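Structure data (compact mmCIF, C-alpha atoms) from upload.txt:
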# COMPACT_ATOMS: atom_id res chain seq x y z
CA MET Y 1 39.11 56.67 106.95
CA LYS Y 2 40.45 53.57 105.27
CA ARG Y 3 43.07 51.54 107.05
CA ALA Y 4 45.71 52.35 104.41
CA HIS Y 5 45.06 56.09 104.83
CA ARG Y 6 45.35 55.80 108.62
CA VAL Y 7 48.71 54.05 108.22
CA LEU Y 8 49.98 56.83 105.92
CA VAL Y 9 48.87 59.53 108.37
CA LEU Y 10 50.55 57.71 111.22
CA LEU Y 11 53.78 57.34 109.26
CA ALA Y 12 53.75 61.05 108.36
CA ALA Y 13 53.26 61.98 112.00
CA VAL Y 14 56.11 59.74 113.05
CA LEU Y 15 58.41 61.33 110.47
CA VAL Y 16 57.50 64.87 111.57
CA LEU Y 17 58.00 64.06 115.24
CA GLY Y 18 61.23 62.29 114.43
CA GLY Y 19 62.50 65.35 112.54
CA VAL Y 20 61.61 67.64 115.45
CA ALA Y 21 63.37 65.33 117.88
CA LEU Y 22 66.42 65.10 115.64
CA GLY Y 23 66.60 68.90 115.32
CA ALA Y 24 66.35 69.30 119.08
CA THR Y 25 69.03 66.68 119.59
CA LEU Y 26 71.39 68.39 117.13
CA ARG Y 27 70.83 71.78 118.75
CA ALA Y 28 71.49 70.32 122.18
CA ALA Y 29 74.62 68.64 120.84
CA ASP Y 30 75.82 71.95 119.39
CA ARG Y 31 75.25 73.69 122.74
CA ALA Y 32 77.05 70.91 124.57
CA ALA Y 33 79.95 71.07 122.14
CA GLU Y 34 80.21 74.83 122.58
CA LYS Y 35 80.19 74.39 126.36
CA ASP Y 36 82.88 71.71 126.14
CA ARG Y 37 85.05 73.94 123.96
CA ALA Y 38 84.63 76.85 126.36
CA GLN Y 39 85.54 74.63 129.30
CA ALA Y 40 88.62 73.46 127.37
CA GLY Y 41 90.19 76.88 127.85
CA GLY Y 42 88.56 79.14 125.30
CA PRO Y 43 88.19 82.87 126.01
CA GLU Y 44 85.17 84.04 127.99
CA VAL Y 45 82.78 85.96 125.70
CA ARG Y 46 79.57 87.73 126.64
CA SER Y 47 77.16 90.10 124.89
CA GLY Y 48 77.38 93.83 125.48
CA ASP Y 49 78.05 97.25 123.98
CA VAL Y 50 81.15 97.70 121.84
CA VAL Y 51 82.31 101.21 120.96
CA LEU Y 52 85.04 101.99 118.44
CA GLY Y 53 87.87 104.02 119.92
CA ALA Y 54 86.84 103.49 123.54
CA PRO Y 55 89.85 104.26 125.79
CA GLY Y 56 91.65 101.17 127.01
CA ARG Y 57 89.78 98.75 124.72
CA THR Y 58 90.82 96.93 121.53
CA VAL Y 59 88.19 95.90 118.97
CA PHE Y 60 88.74 92.81 116.80
CA ARG Y 61 86.97 89.85 115.18
CA ASN Y 62 86.28 87.20 117.81
CA MET Y 63 87.22 83.69 116.62
CA ALA Y 64 86.31 81.78 119.81
CA TRP Y 65 83.90 78.90 119.31
CA GLY Y 66 80.34 79.56 120.35
CA PRO Y 67 77.41 81.83 119.52
CA HIS Y 68 79.64 84.95 119.26
CA ARG Y 69 82.14 83.59 116.73
CA ASP Y 70 82.95 86.13 113.96
CA GLU Y 71 81.40 89.01 115.94
CA LEU Y 72 83.26 92.23 116.56
CA ALA Y 73 84.35 92.14 120.18
CA SER Y 74 86.39 94.27 122.55
CA VAL Y 75 88.82 93.43 125.30
CA ALA Y 76 90.80 95.44 127.82
CA ASP Y 77 94.21 96.49 126.50
CA ALA Y 78 95.70 95.68 129.90
CA ASP Y 79 94.34 92.11 129.80
CA PRO Y 80 94.14 90.82 126.19
CA SER Y 81 93.40 87.27 127.40
CA GLY Y 82 90.61 88.46 129.69
CA PRO Y 83 86.81 88.50 129.21
CA ARG Y 84 85.51 89.76 125.88
CA THR Y 85 82.44 91.80 125.07
CA ALA Y 86 80.73 90.75 121.82
CA SER Y 87 78.70 93.19 119.74
CA GLY Y 88 76.43 90.97 117.65
CA VAL Y 89 77.93 92.46 114.44
CA ARG Y 90 79.63 89.77 112.35
CA CYS Y 91 82.53 90.54 110.00
CA LEU Y 92 84.97 88.57 107.89
CA ARG Y 93 87.34 91.54 107.67
CA PHE Y 94 87.40 94.68 109.80
CA HIS Y 95 89.32 97.84 110.51
CA SER Y 96 88.55 101.17 112.18
CA ALA Y 97 90.00 104.61 112.84
CA ASP Y 98 88.71 107.76 114.51
CA GLY Y 99 85.21 106.38 115.15
CA THR Y 100 84.64 104.90 111.67
CA GLY Y 101 84.67 101.17 110.99
CA VAL Y 102 84.53 99.07 107.84
CA CYS Y 103 83.08 95.56 108.10
CA LEU Y 104 83.18 93.11 105.20
CA GLN Y 105 80.39 90.58 105.62
CA ALA Y 106 79.07 87.37 104.08
CA VAL Y 107 75.38 87.11 103.27
CA ARG Y 108 74.43 83.44 103.33
CA GLY Y 109 72.18 82.37 100.47
CA ALA Y 110 70.36 79.18 99.54
CA LEU Y 111 72.35 78.75 96.33
CA ARG Y 112 75.44 80.89 96.95
CA ASP Y 113 76.87 83.41 99.35
CA THR Y 114 77.17 87.09 98.50
CA TYR Y 115 79.28 89.75 100.20
CA ARG Y 116 78.96 93.37 101.23
CA ALA Y 117 80.91 96.21 102.82
CA ILE Y 118 79.28 98.03 105.73
CA VAL Y 119 80.57 101.39 106.94
CA LEU Y 120 79.93 101.69 110.70
CA ASP Y 121 79.82 104.57 113.13
CA ALA Y 122 81.49 104.43 116.54
CA ARG Y 123 78.57 102.47 118.03
CA LEU Y 124 78.60 99.98 115.16
CA ARG Y 125 75.48 101.40 113.53
CA GLU Y 126 75.33 101.08 109.75
CA ARG Y 127 76.04 104.28 107.79
CA HIS Y 128 76.55 102.94 104.26
CA ARG Y 129 76.27 99.59 102.47
CA TYR Y 130 77.92 98.41 99.26
CA GLY Y 131 77.79 95.11 97.41
CA LEU Y 132 81.12 93.35 96.87
CA ALA Y 133 82.24 91.59 93.70
CA GLY Y 134 84.01 88.74 95.50
CA ILE Y 135 85.39 87.21 98.68
CA PRO Y 136 86.62 89.74 101.30
CA SER Y 137 90.38 89.90 101.76
CA ARG Y 138 91.61 93.23 103.22
CA ALA Y 139 90.08 96.35 104.80
CA ARG Y 140 91.48 99.68 106.02
CA VAL Y 141 90.25 103.06 107.29
CA ALA Y 142 92.29 106.26 106.89
CA PRO Y 143 93.52 107.88 110.15
CA GLY Y 144 90.85 110.60 110.08
CA GLY Y 145 88.00 108.12 109.64
CA ARG Y 146 86.76 109.69 106.40
CA VAL Y 147 88.12 107.33 103.72
CA VAL Y 148 87.91 103.53 103.68
CA ALA Y 149 89.29 100.84 101.40
CA TRP Y 150 88.62 97.17 100.82
CA THR Y 151 90.04 94.38 98.67
CA VAL Y 152 88.19 91.28 97.46
CA PHE Y 153 89.15 88.21 95.45
CA VAL Y 154 87.15 88.12 92.22
CA SER Y 155 88.80 84.85 91.15
CA GLY Y 156 90.90 82.44 93.17
CA ASP Y 157 91.08 82.72 96.96
CA SER Y 158 94.76 82.95 97.86
CA TYR Y 159 97.74 85.21 97.24
CA ALA Y 160 100.11 82.24 97.37
CA GLY Y 161 99.72 81.23 93.72
CA SER Y 162 99.39 83.26 90.53
CA ALA Y 163 95.83 82.27 89.54
CA PHE Y 164 93.99 85.03 91.36
CA SER Y 165 92.51 88.42 90.62
CA THR Y 166 91.63 91.16 93.08
CA ARG Y 167 89.54 94.29 93.11
CA THR Y 168 90.36 97.13 95.47
CA SER Y 169 87.96 100.02 96.07
CA ILE Y 170 88.29 103.31 97.95
CA LEU Y 171 85.28 105.17 99.36
CA ASP Y 172 85.01 108.76 100.56
CA THR Y 173 82.35 108.42 103.26
CA ARG Y 174 81.53 112.16 103.29
CA THR Y 175 81.00 112.69 99.56
CA GLY Y 176 79.94 109.13 98.74
CA HIS Y 177 82.45 108.98 95.88
CA LEU Y 178 83.61 105.42 95.24
CA ASP Y 179 86.64 104.44 93.17
CA HIS Y 180 85.38 100.98 92.20
CA THR Y 181 88.80 99.63 91.23
CA LEU Y 182 92.29 101.05 91.68
CA GLU Y 183 93.27 99.31 88.45
CA SER Y 184 91.72 102.34 86.74
CA TYR Y 185 94.50 104.53 88.21
CA ARG Y 186 97.55 105.28 86.07
CA PHE Y 187 100.47 103.12 87.22
CA PHE Y 188 104.03 104.39 86.88
CA LEU Y 189 106.72 101.71 87.03
CA ASP Y 190 110.21 103.11 87.57
CA GLY Y 191 108.94 106.52 86.52
CA ARG Y 192 107.27 105.43 83.27
CA GLU Y 193 103.58 104.82 82.77
CA HIS Y 194 102.96 101.08 82.60
CA ARG Y 195 99.80 99.66 81.06
CA ALA Y 196 99.14 95.93 81.33
CA ALA Y 197 96.13 93.65 81.29
CA ASP Y 198 97.51 91.64 84.23
CA LEU Y 199 97.56 94.58 86.69
CA ASN Y 200 96.37 93.73 90.21
CA VAL Y 201 96.15 96.10 93.19
CA TRP Y 202 95.51 95.11 96.82
CA GLY Y 203 96.28 95.84 100.46
CA VAL Y 204 95.75 99.59 100.91
CA THR Y 205 97.30 101.37 103.92
CA PHE Y 206 96.59 105.09 104.33
CA ALA Y 207 98.96 107.98 104.98
CA ASP Y 208 96.04 110.48 104.99
CA ASP Y 209 92.74 110.99 103.20
CA ASP Y 210 94.41 111.52 99.84
CA HIS Y 211 97.60 109.43 99.93
CA PHE Y 212 98.10 105.74 100.52
CA TYR Y 213 100.36 102.77 99.82
CA ALA Y 214 99.33 99.49 98.20
CA THR Y 215 100.68 96.40 96.47
CA VAL Y 216 100.67 96.44 92.67
CA ALA Y 217 101.36 93.21 90.79
CA THR Y 218 102.26 92.94 87.12
CA GLY Y 219 104.54 90.77 85.02
CA GLY Y 220 104.92 88.22 87.80
CA ARG Y 221 106.38 90.73 90.29
CA THR Y 222 104.93 92.77 93.15
CA TYR Y 223 105.68 96.39 93.98
CA LEU Y 224 105.06 98.77 96.81
CA ALA Y 225 103.30 101.75 95.21
CA ARG Y 226 102.37 105.16 96.56
CA GLY Y 227 98.86 106.15 95.59
CA ASP Y 228 97.30 109.57 95.08
CA ARG Y 229 93.49 109.75 95.08
CA SER Y 230 93.31 113.26 93.62
CA GLY Y 231 95.70 112.49 90.78
CA LYS Y 232 94.41 108.91 90.27
CA THR Y 233 97.99 107.60 90.16
CA LEU Y 234 100.09 104.76 91.57
CA ARG Y 235 103.90 105.03 91.53
CA SER Y 236 106.25 102.11 92.27
CA LEU Y 237 108.75 102.50 95.12
CA HIS Y 238 110.16 99.05 95.94
CA THR Y 239 109.89 95.46 94.73
CA ASN Y 240 108.68 92.28 96.47
CA VAL Y 241 106.24 93.98 98.84
CA GLU Y 242 102.76 92.61 99.66
CA CYS Y 243 100.05 93.80 102.05
CA PRO Y 244 101.84 96.90 103.36
CA SER Y 245 101.00 98.57 106.69
CA LEU Y 246 102.21 102.10 107.39
CA SER Y 247 103.71 102.90 110.78
CA PRO Y 248 101.96 105.52 112.98
CA ASP Y 249 104.69 108.09 112.22
CA GLY Y 250 104.48 107.39 108.47
CA THR Y 251 108.18 106.52 108.08
CA ARG Y 252 108.10 102.71 107.73
CA VAL Y 253 106.02 100.01 106.10
CA ALA Y 254 105.56 96.51 107.50
CA TYR Y 255 104.82 93.91 104.83
CA LYS Y 256 105.05 90.28 103.85
CA LYS Y 257 107.96 89.41 101.55
CA ARG Y 258 108.44 86.30 99.44
CA VAL Y 259 111.73 84.68 100.41
CA GLU Y 260 113.94 82.30 98.47
CA GLY Y 261 113.78 78.67 99.49
CA ALA Y 262 110.33 78.86 101.07
CA SER Y 263 107.59 76.47 99.94
CA SER Y 264 105.15 77.77 97.35
CA ASP Y 265 102.20 77.53 99.74
CA ALA Y 266 104.02 79.27 102.63
CA PRO Y 267 106.27 81.80 100.88
CA TRP Y 268 106.19 84.90 103.10
CA ARG Y 269 108.16 86.35 105.99
CA LEU Y 270 107.42 89.58 107.86
CA TYR Y 271 109.67 92.55 107.02
CA VAL Y 272 109.82 96.30 107.65
CA LEU Y 273 110.91 98.87 105.04
CA ASP Y 274 112.33 102.29 105.87
CA LEU Y 275 110.65 104.59 103.34
CA ARG Y 276 113.48 107.13 103.34
CA THR Y 277 116.42 104.77 102.81
CA LEU Y 278 114.50 101.77 101.37
CA ARG Y 279 116.44 99.58 103.79
CA GLU Y 280 114.72 96.30 104.66
CA THR Y 281 114.70 94.74 108.13
CA ALA Y 282 113.64 91.15 108.70
CA THR Y 283 111.62 90.69 111.87
CA ALA Y 284 112.25 87.87 114.34
CA GLU Y 285 109.12 86.09 113.11
CA HIS Y 286 110.42 83.28 110.89
CA ARG Y 287 107.09 81.55 110.24
CA ASN Y 288 104.90 82.17 107.20
CA VAL Y 289 102.76 85.29 107.69
CA ASP Y 290 99.81 85.60 105.30
CA ASP Y 291 98.28 88.74 106.78
CA GLN Y 292 98.28 92.52 106.54
CA ALA Y 293 99.97 93.29 109.84
CA VAL Y 294 98.97 96.29 111.97
CA TRP Y 295 101.11 98.47 114.23
CA ARG Y 296 100.14 98.23 117.89
CA ASP Y 297 102.37 101.26 118.48
CA GLY Y 298 105.50 102.71 116.86
CA HIS Y 299 107.61 99.69 117.84
CA THR Y 300 105.38 96.59 117.73
CA LEU Y 301 103.67 94.67 114.93
CA VAL Y 302 100.54 92.54 115.36
CA TYR Y 303 99.61 89.81 112.87
CA SER Y 304 97.64 86.58 112.68
CA LEU Y 305 98.83 82.99 112.50
CA PRO Y 306 96.77 79.79 112.33
CA GLY Y 307 95.64 78.49 115.72
CA ASP Y 308 93.24 76.11 117.43
CA TYR Y 309 90.33 78.49 116.78
CA GLY Y 310 91.33 79.35 113.23
CA SER Y 311 93.49 82.36 114.05
CA ASP Y 312 95.57 83.77 116.92
CA LEU Y 313 97.20 87.18 117.16
CA TRP Y 314 100.95 87.48 117.68
CA THR Y 315 103.34 90.39 118.25
CA VAL Y 316 106.96 90.98 117.30
CA PRO Y 317 109.24 94.06 117.51
CA ALA Y 318 109.47 96.00 114.25
CA ASP Y 319 113.25 96.54 114.49
CA GLY Y 320 114.26 92.87 114.12
CA SER Y 321 114.98 92.33 117.81
CA GLY Y 322 113.22 90.15 120.38
CA ARG Y 323 111.03 87.21 119.54
CA PRO Y 324 107.37 86.56 118.63
CA ARG Y 325 104.85 86.43 121.46
CA THR Y 326 101.19 85.47 121.60
CA LEU Y 327 98.97 88.49 122.13
CA MET Y 328 95.50 86.98 121.93
CA ALA Y 329 94.09 83.55 121.13
CA ALA Y 330 91.04 83.16 118.88
CA ALA Y 331 91.22 86.64 117.38
CA LEU Y 332 91.67 88.34 114.02
CA ALA Y 333 91.67 91.82 112.42
CA PRO Y 334 92.44 94.07 115.40
CA ALA Y 335 92.33 97.87 115.21
CA PHE Y 336 94.65 99.97 117.38
CA PRO Y 337 94.85 103.77 117.74
CA GLY Y 338 97.13 105.07 115.01
CA SER Y 339 97.01 101.87 112.91
CA ARG Y 340 96.73 102.59 109.20

Could you take the file, read its structure, and then write that structure out as structure tokens?
Amino acid sequence: MKRAHRVLVLLAAVLVLGGVALGATLRAADRAAEKDRAQAGGPEVRSGDVVLGAPGRTVFRNMAWGPHRDELASVADADPSGPRTASGVRCLRFHSADGTGVCLQAVRGALRDTYRAIVLDARLRERHRYGLAGIPSRARVAPGGRVVAWTVFVSGDSYAGSAFSTRTSILDTRTGHLDHTLESYRFFLDGREHRAADLNVWGVTFADDDHFYATVATGGRTYLARGDRSGKTLRSLHTNVECPSLSPDGTRVAYKKRVEGASSDAPWRLYVLDLRTLRETATAEHRNVDDQAVWRDGHTLVYSLPGDYGSDLWTVPADGSGRPRTLMAAALAPAFPGSR
């Protein structure tokens, strides 16, 4: 072998070994960083079995730094800040009811990410899979576990401005029938059918397998609408309602409302609407809430706010009393019995 060839071989070997060493160093640095973050007060998370609807356990998306970030995890209801059990199933959005879960996932690609909806059984085993047209935003399961809904952004990535478009789908898991977009439903505004190219629908919350509530936007305004799957209709009920969440008894809707004087990038406050009287109640949470809240029970709302780990869960009474309290750090998208 000529001297020049030997030099080239040696240089190649040095580069390969250097790359291996660099990779090992970076992996070790990542592990050390994760350990440091855990020692800084992060929740304890360990692998194990997670079952939907297990008595005394809440399932949610774990946001704690480390190898289990974004995995569905469970924690004891009696100790929300206690040790967590992580499932290995990663979700961007999640909800469950009566042993059925819906998990909206990202599929990382070399050129671009794609997204999918996975319907899960109680032990988080995949039952159905559907491709998504955009970035996951909202997910809900009807109380009986048969019907699921999801919303994605197909353009834009925030509800704060006007330059966004959504697509909301509803799936019957027993028949396999999929309504690809609720924009195909007939929308009645103040009792009259309203057809418009700018129609957007998002944020489903179920009353039962056939009836639901959602946000409909058109003409620069948002409306709470009652939906009927059998009739393929949406009917407006109240203005300035986004991301509704029906109470366990079906009488009230929690939602985010745009308030006057708020900044354009933080416009919402958390309200509750009585569906019989249409009377609004402002909750004691005065910060911007960009989330579809859930009902922990008939009296308490749970919602996310930005935190050190990306998101923390907070609670506030639904009747306007009390004050906000931290429920769980480093957590998102919880599912409670009776949440819709």

Residues of range 210-250 of chain Y within 8 Å of range 295-304 of chain Y: nearest atom pair and distance (Å, one decimal) for each, counting only C-alpha atoms, sorted by chain and number, as a Markdown table?
| residue | atom | partner | partner_atom | distance |
| --- | --- | --- | --- | --- |
| Y:Ser245 | CA | Y:Trp295 | CA | 7.5 |
| Y:Leu246 | CA | Y:Trp295 | CA | 7.8 |
| Y:Ser247 | CA | Y:Trp295 | CA | 6.2 |
| Y:Pro248 | CA | Y:Gly298 | CA | 6.0 |
| Y:Asp249 | CA | Y:Gly298 | CA | 7.2 |

Do you have the CA of Pro83 in chain Y-CA of Leu327 in chain Y distance handy?
-> 14.1 Å

Which residue of Y:Phe206, Y:Tyr130, Y:Phe164, Y:Trp268 approaches His180 in chain Y most closely, using only C-alpha atoms | Y:Tyr130

Point out the residue among Y:Thr58, Y:Thr168, Y:Gln105, Y:Gln292 with the least atom-to-atom distance to Trp202 in chain Y, counting only C-alpha atoms.
-> Y:Thr168

Polymer residues at most 10 Å from Ala225 in chain Y, all atoms listed in the file, same-chain spacing of 5 or more positions, as a PyMOL selection string = chain Y and resi 187-189+201+204+212-217+233-239+241+244

What does the distance between CA of Thr166 in chain Y and CA of Arg186 in chain Y come to in Å, to one decimal place?
->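 Pair CA of Thr166 in chain Y / CA of Arg186 in chain Y returns 16.8 Å.
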
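Here CA of Glu71 in chain Y stands at a distance of 13.3 Å from CA of Val102 in chain Y.
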
What's the 7 Å shell around Asp319 in chain Y, counting all atoms listed in the file, without same-chain residues fewer than 2 positions away, as a ChimeraX atom specification?
-> /Y:281,283,317,321

What lies within 10 Å of range 139-145 of chain Y using all atoms listed in the file, ignoring chain neighbours under 6 positions off, as a PyMOL selection string?
-> chain Y and resi 92-104+117+119+121+151-152+168-174+202-212+245+248+292+333+335+337-340

Out of Y:Gly322, Y:Pro43, Y:Gly310, Y:Gly261, which residue has the shortest atom-to-atom distance to Glu285 in chain Y when counting all atoms listed in the file?
->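 The closest residue to Glu285 in chain Y is Y:Gly322.
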
Option closest in space to Arg112 in chain Y, from Y:Leu270, Y:Arg127, Y:Ser230, Y:Gly134 [counting only C-alpha atoms] | Y:Gly134
